[in-house]
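A.B. asks: Got my_file_30.csv for you, CSV, C-alpha atoms:
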```csv
chain,number,residue,atom,x,y,z
A,1,MET,CA,-7.1,13.2,-14.6
A,2,ILE,CA,-3.4,13.8,-14.9
A,3,ARG,CA,-3.6,16.3,-12.1
A,4,LEU,CA,-5.5,13.9,-9.9
A,5,VAL,CA,-2.9,11.2,-10.4
A,6,HIS,CA,-0.1,13.7,-9.7
A,7,ALA,CA,-1.9,14.7,-6.5
A,8,GLU,CA,-2.2,11.1,-5.4
A,9,LEU,CA,1.4,10.4,-6.1
A,10,LEU,CA,2.3,13.6,-4.2
A,11,LYS,CA,0.4,12.3,-1.2
A,12,LEU,CA,2.4,9.1,-1.2
A,13,VAL,CA,5.8,10.7,-1.7
A,14,SER,CA,5.3,13.5,0.8
A,15,THR,CA,4.5,11.2,3.7
A,16,ARG,CA,6.7,8.7,5.5
A,17,LEU,CA,4.5,5.8,4.4
A,18,LEU,CA,6.3,5.1,1.1
A,19,THR,CA,9.7,5.6,2.6
A,20,TRP,CA,9.1,3.2,5.5
A,21,LEU,CA,7.4,0.5,3.4
A,22,GLY,CA,10.1,0.8,0.8
A,23,LEU,CA,12.8,0.3,3.4
A,24,LEU,CA,10.8,-2.6,4.9
A,25,THR,CA,10.7,-4.2,1.5
A,26,LEU,CA,14.4,-3.9,0.9
A,27,ALA,CA,15.2,-5.1,4.4
A,28,LEU,CA,13.0,-8.2,4.0
A,29,VAL,CA,14.5,-9.0,0.6
A,30,ALA,CA,18.0,-8.6,2.0
A,31,LEU,CA,17.3,-10.7,5.1
A,32,LEU,CA,15.5,-13.6,3.4
A,33,LEU,CA,18.0,-13.7,0.5
A,34,SER,CA,21.0,-13.6,2.8
A,35,LEU,CA,19.8,-16.2,5.2
A,36,THR,CA,19.1,-18.6,2.3
A,37,ALA,CA,22.3,-17.9,0.4
A,38,ALA,CA,24.4,-18.3,3.6
A,39,ASN,CA,22.9,-21.8,4.1
A,40,ASN,CA,23.5,-22.8,0.5
A,41,SER,CA,26.6,-24.8,-0.4
A,42,ALA,CA,28.7,-23.6,-3.3
A,43,ASP,CA,27.4,-26.5,-5.4
A,44,GLU,CA,23.8,-25.5,-4.7
A,45,LEU,CA,24.4,-21.8,-5.4
A,46,ALA,CA,26.0,-22.6,-8.7
A,47,ARG,CA,22.7,-24.0,-10.0
A,48,VAL,CA,20.6,-21.7,-12.3
A,49,GLY,CA,17.5,-22.6,-10.4
A,50,GLN,CA,19.0,-21.7,-7.0
A,51,GLN,CA,20.1,-18.3,-8.3
A,52,ARG,CA,16.7,-17.8,-9.8
A,53,ASP,CA,15.2,-18.6,-6.4
A,54,LEU,CA,17.4,-16.0,-4.7
A,55,ALA,CA,16.4,-13.3,-7.2
A,56,ALA,CA,12.8,-14.3,-6.7
A,57,PHE,CA,12.8,-13.1,-3.1
A,58,ALA,CA,12.0,-9.7,-4.6
A,59,ALA,CA,8.5,-10.9,-4.9
A,60,VAL,CA,8.0,-10.0,-1.3
A,61,SER,CA,7.4,-6.5,-2.7
A,62,ALA,CA,4.0,-7.6,-3.9
A,63,LEU,CA,2.8,-8.2,-0.3
A,64,VAL,CA,4.1,-4.8,0.7
A,65,ALA,CA,2.6,-3.2,-2.4
A,66,LEU,CA,-0.8,-4.7,-1.4
A,67,ILE,CA,-0.6,-3.1,2.0
A,68,LEU,CA,0.6,0.2,0.5
A,69,GLY,CA,-2.4,0.2,-1.8
A,70,ILE,CA,-4.8,-0.4,1.1
A,71,VAL,CA,-3.3,2.4,3.1
A,72,ALA,CA,-3.2,4.8,0.2
A,73,SER,CA,-7.0,4.5,-0.3
A,74,ALA,CA,-8.4,3.6,3.1
A,75,GLY,CA,-5.9,5.9,5.0
A,76,GLU,CA,-7.8,9.0,4.0
A,77,TYR,CA,-10.9,7.8,5.7
A,78,ALA,CA,-8.8,7.0,8.8
A,79,HIS,CA,-7.3,10.4,8.9
A,80,GLU,CA,-10.5,12.1,7.8
A,81,THR,CA,-9.0,13.9,4.8
A,82,ILE,CA,-11.2,12.2,2.2
A,83,GLY,CA,-13.8,15.0,2.5
A,84,HIS,CA,-11.2,17.6,1.3
A,85,THR,CA,-10.3,15.3,-1.6
A,86,PHE,CA,-13.9,15.1,-2.7
A,87,LEU,CA,-14.3,18.9,-2.4
A,88,VAL,CA,-11.5,19.4,-4.8
A,89,SER,CA,-12.7,16.6,-7.1
A,90,PRO,CA,-16.5,16.0,-6.6
A,91,VAL,CA,-16.5,13.2,-9.2
A,92,ARG,CA,-15.6,10.4,-6.8
A,93,GLU,CA,-15.1,7.8,-9.5
A,94,ARG,CA,-12.3,9.9,-10.9
A,95,VAL,CA,-10.6,10.0,-7.5
A,96,VAL,CA,-10.8,6.2,-7.2
A,97,ALA,CA,-9.4,5.9,-10.7
A,98,ALA,CA,-6.5,8.3,-9.9
A,99,LYS,CA,-5.7,6.3,-6.7
A,100,LEU,CA,-5.6,3.1,-8.8
A,101,LEU,CA,-3.2,4.6,-11.3
A,102,ALA,CA,-1.0,6.1,-8.6
A,103,GLY,CA,-1.0,2.9,-6.7
A,104,THR,CA,-0.1,0.9,-9.8
A,105,LEU,CA,2.8,3.2,-10.6
A,106,THR,CA,4.1,3.1,-7.0
A,107,GLY,CA,3.9,-0.7,-7.1
A,108,LEU,CA,6.0,-0.7,-10.2
A,109,VAL,CA,8.7,1.4,-8.5
A,110,LEU,CA,8.6,-0.8,-5.4
A,111,GLY,CA,8.9,-4.0,-7.4
A,112,ALA,CA,11.7,-2.6,-9.6
A,113,SER,CA,13.6,-1.5,-6.5
A,114,ALA,CA,13.2,-4.9,-4.9
A,115,ALA,CA,14.3,-6.7,-8.1
A,116,ALA,CA,17.4,-4.5,-8.4
A,117,VAL,CA,18.4,-5.2,-4.8
A,118,SER,CA,17.8,-8.9,-5.0
A,119,LEU,CA,19.9,-9.2,-8.2
A,120,ALA,CA,22.7,-7.1,-6.6
A,121,LEU,CA,22.7,-9.2,-3.4
A,122,THR,CA,22.6,-12.5,-5.4
A,123,ALA,CA,25.6,-11.3,-7.4
A,124,LEU,CA,27.4,-10.5,-4.2
A,125,TRP,CA,26.8,-13.9,-2.7
A,126,ILE,CA,27.9,-15.6,-6.0
A,127,SER,CA,31.1,-13.6,-5.8
A,128,VAL,CA,31.6,-14.4,-2.1
A,129,LYS,CA,31.2,-18.2,-2.7
A,130,SER,CA,33.2,-18.0,-6.0
A,131,VAL,CA,30.7,-19.9,-8.2
A,132,PRO,CA,29.7,-19.3,-11.8
A,133,SER,CA,27.0,-16.6,-12.3
A,134,HIS,CA,23.8,-17.3,-14.3
A,135,LEU,CA,22.2,-14.0,-13.6
A,136,GLY,CA,22.2,-13.2,-17.3
A,137,SER,CA,20.3,-16.3,-18.2
A,138,HIS,CA,16.8,-16.2,-19.5
A,139,GLU,CA,15.3,-18.1,-16.5
A,140,VAL,CA,16.8,-15.6,-14.0
A,141,LEU,CA,16.0,-12.5,-15.9
A,142,LEU,CA,12.3,-13.5,-16.2
A,143,ALA,CA,12.0,-13.0,-12.5
A,144,VAL,CA,12.5,-9.2,-12.9
A,145,PRO,CA,9.4,-8.4,-15.1
A,146,GLY,CA,7.4,-10.9,-13.1
A,147,THR,CA,8.2,-9.2,-9.8
A,148,ILE,CA,7.5,-5.7,-11.1
A,149,ALA,CA,4.2,-6.7,-12.7
A,150,ALA,CA,3.1,-8.6,-9.5
A,151,ALA,CA,3.9,-5.6,-7.3
A,152,ALA,CA,2.0,-3.3,-9.6
A,153,ILE,CA,-1.1,-5.5,-9.8
A,154,ALA,CA,-1.0,-6.2,-6.0
A,155,ALA,CA,-0.9,-2.4,-5.3
A,156,ALA,CA,-4.0,-1.9,-7.6
A,157,ILE,CA,-5.8,-4.7,-5.8
A,158,GLY,CA,-5.0,-3.1,-2.5
A,159,VAL,CA,-6.3,0.3,-3.6
A,160,GLY,CA,-9.6,-1.3,-4.7
A,161,PHE,CA,-10.0,-3.4,-1.6
A,162,GLY,CA,-9.1,-0.5,0.7
A,163,ALA,CA,-11.5,1.9,-1.0
A,164,LEU,CA,-14.2,-0.7,-0.9
A,165,LEU,CA,-13.9,-1.3,2.9
A,166,ARG,CA,-12.8,2.2,3.8
A,167,ARG,CA,-11.3,0.8,7.1
A,168,GLN,CA,-7.5,0.8,7.0
A,169,THR,CA,-6.7,-1.6,9.8
A,170,GLY,CA,-9.6,-3.9,9.0
A,171,ALA,CA,-8.7,-4.1,5.4
A,172,ILE,CA,-5.1,-5.0,6.1
A,173,VAL,CA,-6.1,-7.6,8.7
A,174,LEU,CA,-8.7,-9.2,6.4
A,175,ALA,CA,-6.2,-9.3,3.5
A,176,LEU,CA,-3.6,-11.1,5.6
A,177,ILE,CA,-6.1,-13.5,7.0
A,178,TRP,CA,-7.3,-14.3,3.5
A,179,LEU,CA,-3.7,-14.9,2.3
A,180,LEU,CA,-2.6,-17.0,5.3
A,181,VAL,CA,-5.8,-18.9,6.1
A,182,GLY,CA,-8.5,-18.4,3.4
A,183,GLU,CA,-6.5,-19.4,0.3
A,184,PRO,CA,-4.9,-22.5,1.9
A,185,LEU,CA,-8.4,-23.7,2.7
A,186,LEU,CA,-9.3,-23.5,-1.0
A,187,ALA,CA,-6.8,-26.3,-1.7
A,188,VAL,CA,-9.4,-28.7,-0.4
A,189,ALA,CA,-11.7,-27.8,-3.3
A,190,GLY,CA,-8.8,-27.7,-5.7
A,191,VAL,CA,-9.4,-24.1,-6.7
A,192,GLN,CA,-6.5,-22.5,-4.8
A,193,ARG,CA,-4.6,-21.5,-7.9
A,194,TYR,CA,-7.5,-19.2,-9.0
A,195,ALA,CA,-7.5,-17.2,-5.8
A,196,PRO,CA,-6.1,-13.6,-5.9
A,197,GLY,CA,-2.9,-14.3,-3.9
A,198,HIS,CA,-2.1,-17.3,-6.0
A,199,ALA,CA,-2.8,-15.3,-9.2
A,200,ILE,CA,-0.3,-12.7,-8.1
A,201,ALA,CA,2.2,-15.4,-7.2
A,202,ALA,CA,1.8,-16.8,-10.7
A,203,VAL,CA,2.7,-13.4,-12.1
A,204,ALA,CA,5.8,-13.2,-9.9
A,205,ASP,CA,6.7,-16.8,-10.9
A,206,ALA,CA,7.1,-15.8,-14.6
A,207,GLY,CA,8.9,-18.4,-16.7
A,208,ARG,CA,8.5,-21.3,-14.2
A,209,ARG,CA,6.0,-24.2,-14.3
A,210,SER,CA,4.7,-24.8,-10.8
A,211,GLY,CA,1.9,-27.3,-10.5
A,212,GLU,CA,0.3,-25.2,-7.8
A,213,LEU,CA,0.1,-22.0,-9.9
A,214,LEU,CA,-1.3,-20.9,-13.2
A,215,ARG,CA,1.1,-20.0,-16.0
A,216,PHE,CA,2.3,-16.4,-16.3
A,217,TRP,CA,-0.2,-15.0,-18.8
A,218,PRO,CA,-3.3,-16.7,-17.4
A,219,GLY,CA,-2.2,-15.7,-13.9
A,220,THR,CA,-1.6,-12.1,-15.1
A,221,LEU,CA,-5.0,-11.9,-16.8
A,222,LEU,CA,-6.8,-13.3,-13.7
A,223,ALA,CA,-4.9,-11.0,-11.3
A,224,ALA,CA,-5.8,-8.0,-13.6
A,225,VAL,CA,-9.4,-9.1,-13.6
A,226,TYR,CA,-9.4,-9.1,-9.7
A,227,ALA,CA,-7.9,-5.6,-9.7
A,228,ALA,CA,-10.5,-4.3,-12.2
A,229,VAL,CA,-13.5,-5.9,-10.4
A,230,LEU,CA,-12.4,-4.5,-7.0
A,231,GLY,CA,-11.7,-1.1,-8.6
A,232,LEU,CA,-15.2,-1.0,-10.2
A,233,ALA,CA,-16.8,-2.1,-7.0
A,234,ALA,CA,-14.9,0.5,-5.0
A,235,ALA,CA,-15.9,3.3,-7.4
A,236,PHE,CA,-19.5,2.2,-7.1
A,237,ALA,CA,-19.4,2.1,-3.3
A,238,VAL,CA,-17.4,5.3,-2.8
A,239,ALA,CA,-19.8,7.2,-5.1
A,240,ARG,CA,-22.7,6.3,-2.9
A,241,ALA,CA,-21.1,6.5,0.5
A,242,ASP,CA,-21.8,9.3,3.0
A,243,VAL,CA,-18.7,11.3,3.8
A,244,THR,CA,-18.7,13.9,6.5
```
Give the structure from this file in structure tokens form.
C.D. replies:
Amino acid sequence: MIRLVHAELLKLVSTRLLTWLGLLTLALVALLLSLTAANNSADELARVGQQRDLAAFAAVSALVALILGIVASAGEYAHETIGHTFLVSPVRERVVAAKLLAGTLTGLVLGASAAAVSLALTALWISVKSVPSHLGSHEVLLAVPGTIAAAAIAAAIGVGFGALLRRQTGAIVLALIWLLVGEPLLAVAGVQRYAPGHAIAAVADAGRRSGELLRFWPGTLLAAVYAAVLGLAAAFAVARADVT
């Protein structure tokens, strides 16, 4: 199993996919954070909550990790390399499990990188505007593990969803439509907070109490359940799929 995970990690590292998605994540964090900080007055930026909000822009890594997970699993079908993978490891359930673990680890790295950049940029803007720093406060620091956990779980969900659909473009489009259109519609029924995207948002929102989201631990548990269910469904479907 360790060799399979290593092989999946090598696939991610040896292609340009991880590099470009990593750079995209850091660029989005830098752009959104800088635009917000530039429009904040010194008094606004001096508040703990505002500094927390700036650091929380690292949560964009969860969305990128979701796409990364989809591509990591469904991409092999698109490039027709999945047959070679199954020849090396005929037990397909083990391949899906290895992809889930590799995706989760990659999501951890992506989330940690985004958190580090967001904290560094927040500190830079605090210095530029000469306001007191609260980056060492409990409220701000909680954003770091929340971001990392959210990216890891989102990547696992992406791997399961991509392996289940086995269509890279279709899976990405459906995931984005669900997040942008599907989940907002659930607000009518009052169950929006239990949707996958909102569960991941609750993980990233660690330490805060938003009425629209679950608390951190219930959100983490629910998001992990989504990842596990999709992973099991993907393993079942992949084991019975015809691969040429």
A.B. asks: With only C-alpha atoms as the basis for distance, which of A:Leu100, A:Val117, A:Ala237, A:Val64 is at the shortest distance from Ala175 of chain A?
C.D. replies: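 Residue with the minimum atom-to-atom distance to Ala175 of chain A: A:Val64.
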A.B. asks: Identify the residues around (-14.3, -1.6, -4.6) within a radius of 9 Å, measuring from all atoms listed in the file in the coordinates stated by the file, and give them as a list in words.
C.D. replies: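 Result, sorted by chain then residue number: Val96, Val159, Gly160, Phe161, Gly162, Ala163, Leu164, Leu165, Ala228, Val229, Leu230, Gly231, Leu232, Ala233, Ala234, Ala235, Phe236, Ala237 and Val238 of chain A.
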A.B. asks: Those residues you just picked out, can you put them in a file as a compact mmCIF listing (two decimals), keeping the file's coordinate frame with C-alpha atoms?
C.D. replies:
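Printed below is result_16.txt as written:
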```
# COMPACT_ATOMS: atom_id res chain seq x y z
CA VAL A 96 -10.80 6.20 -7.20
CA VAL A 159 -6.30 0.30 -3.60
CA GLY A 160 -9.60 -1.30 -4.70
CA PHE A 161 -10.00 -3.40 -1.60
CA GLY A 162 -9.10 -0.50 0.70
CA ALA A 163 -11.50 1.90 -1.00
CA LEU A 164 -14.20 -0.70 -0.90
CA LEU A 165 -13.90 -1.30 2.90
CA ALA A 228 -10.50 -4.30 -12.20
CA VAL A 229 -13.50 -5.90 -10.40
CA LEU A 230 -12.40 -4.50 -7.00
CA GLY A 231 -11.70 -1.10 -8.60
CA LEU A 232 -15.20 -1.00 -10.20
CA ALA A 233 -16.80 -2.10 -7.00
CA ALA A 234 -14.90 0.50 -5.00
CA ALA A 235 -15.90 3.30 -7.40
CA PHE A 236 -19.50 2.20 -7.10
CA ALA A 237 -19.40 2.10 -3.30
CA VAL A 238 -17.40 5.30 -2.80
```
A.B. asks: Please return as a ChimeraX atom specification every residue within 10 Å of (1.8, -19.1, -11.7), taking into account only C-alpha atoms and the file's own coordinates.
C.D. replies: /A:193-194,198-220
A.B. asks: Need to verify the contact set: Ser137 of chain A, 12 Å, all atoms listed in the file, exclusion of same-chain residues closer than 4 positions in sequence. Can you return it as number ranges by chain?
C.D. replies: A: 47-49, 51-52, 132-133, 141-144, 207
A.B. asks: Between atom CA of Ser127 of chain A and atom CA of Glu44 of chain A, what is the spacing in Å?
C.D. replies: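 Distance reported for this atom pair: 14.0 Å.
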A.B. asks: Compare A:Val71, A:Phe57, A:His134, A:Ile126 by their minimum atom-to-atom distance to Asn40 of chain A, counting all atoms listed in the file, and give me the closest one.
C.D. replies: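 Of the candidates, the smallest distance to Asn40 of chain A is held by A:Ile126.
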A.B. asks: Any chance you could model N, CA and C atoms for segment 41-53 of chain A and send them as a short mmCIF file (atom, residue, chain, number, x, y, z; two decimals), keeping the file's coordinate frame?
C.D. replies:
```
data_model
loop_
_atom_site.label_atom_id
_atom_site.label_comp_id
_atom_site.auth_asym_id
_atom_site.auth_seq_id
_atom_site.Cartn_x
_atom_site.Cartn_y
_atom_site.Cartn_z
N SER A 41 25.21 -24.41 -0.03
CA SER A 41 26.60 -24.80 -0.40
C SER A 41 26.96 -24.16 -1.70
N ALA A 42 28.24 -24.19 -2.01
CA ALA A 42 28.70 -23.60 -3.30
C ALA A 42 28.08 -24.37 -4.47
N ASP A 43 27.95 -25.68 -4.33
CA ASP A 43 27.40 -26.50 -5.40
C ASP A 43 25.89 -26.09 -5.64
N GLU A 44 25.18 -25.87 -4.56
CA GLU A 44 23.80 -25.50 -4.70
C GLU A 44 23.64 -24.10 -5.31
N LEU A 45 24.48 -23.17 -4.86
CA LEU A 45 24.40 -21.80 -5.40
C LEU A 45 24.82 -21.70 -6.82
N ALA A 46 25.58 -22.67 -7.30
CA ALA A 46 26.00 -22.60 -8.70
C ALA A 46 24.93 -23.02 -9.67
N ARG A 47 23.83 -23.57 -9.17
CA ARG A 47 22.70 -24.00 -10.00
C ARG A 47 21.92 -22.77 -10.50
N VAL A 48 21.44 -22.81 -11.73
CA VAL A 48 20.60 -21.70 -12.30
C VAL A 48 19.35 -21.56 -11.46
N GLY A 49 18.73 -22.69 -11.14
CA GLY A 49 17.50 -22.60 -10.40
C GLY A 49 17.62 -21.99 -9.03
N GLN A 50 18.74 -22.26 -8.36
CA GLN A 50 19.00 -21.70 -7.00
C GLN A 50 19.18 -20.17 -7.14
N GLN A 51 19.93 -19.75 -8.15
CA GLN A 51 20.10 -18.30 -8.30
C GLN A 51 18.82 -17.62 -8.68
N ARG A 52 17.99 -18.29 -9.44
CA ARG A 52 16.70 -17.80 -9.80
C ARG A 52 15.83 -17.64 -8.48
N ASP A 53 15.92 -18.65 -7.60
CA ASP A 53 15.20 -18.60 -6.40
C ASP A 53 15.59 -17.44 -5.47
#
```
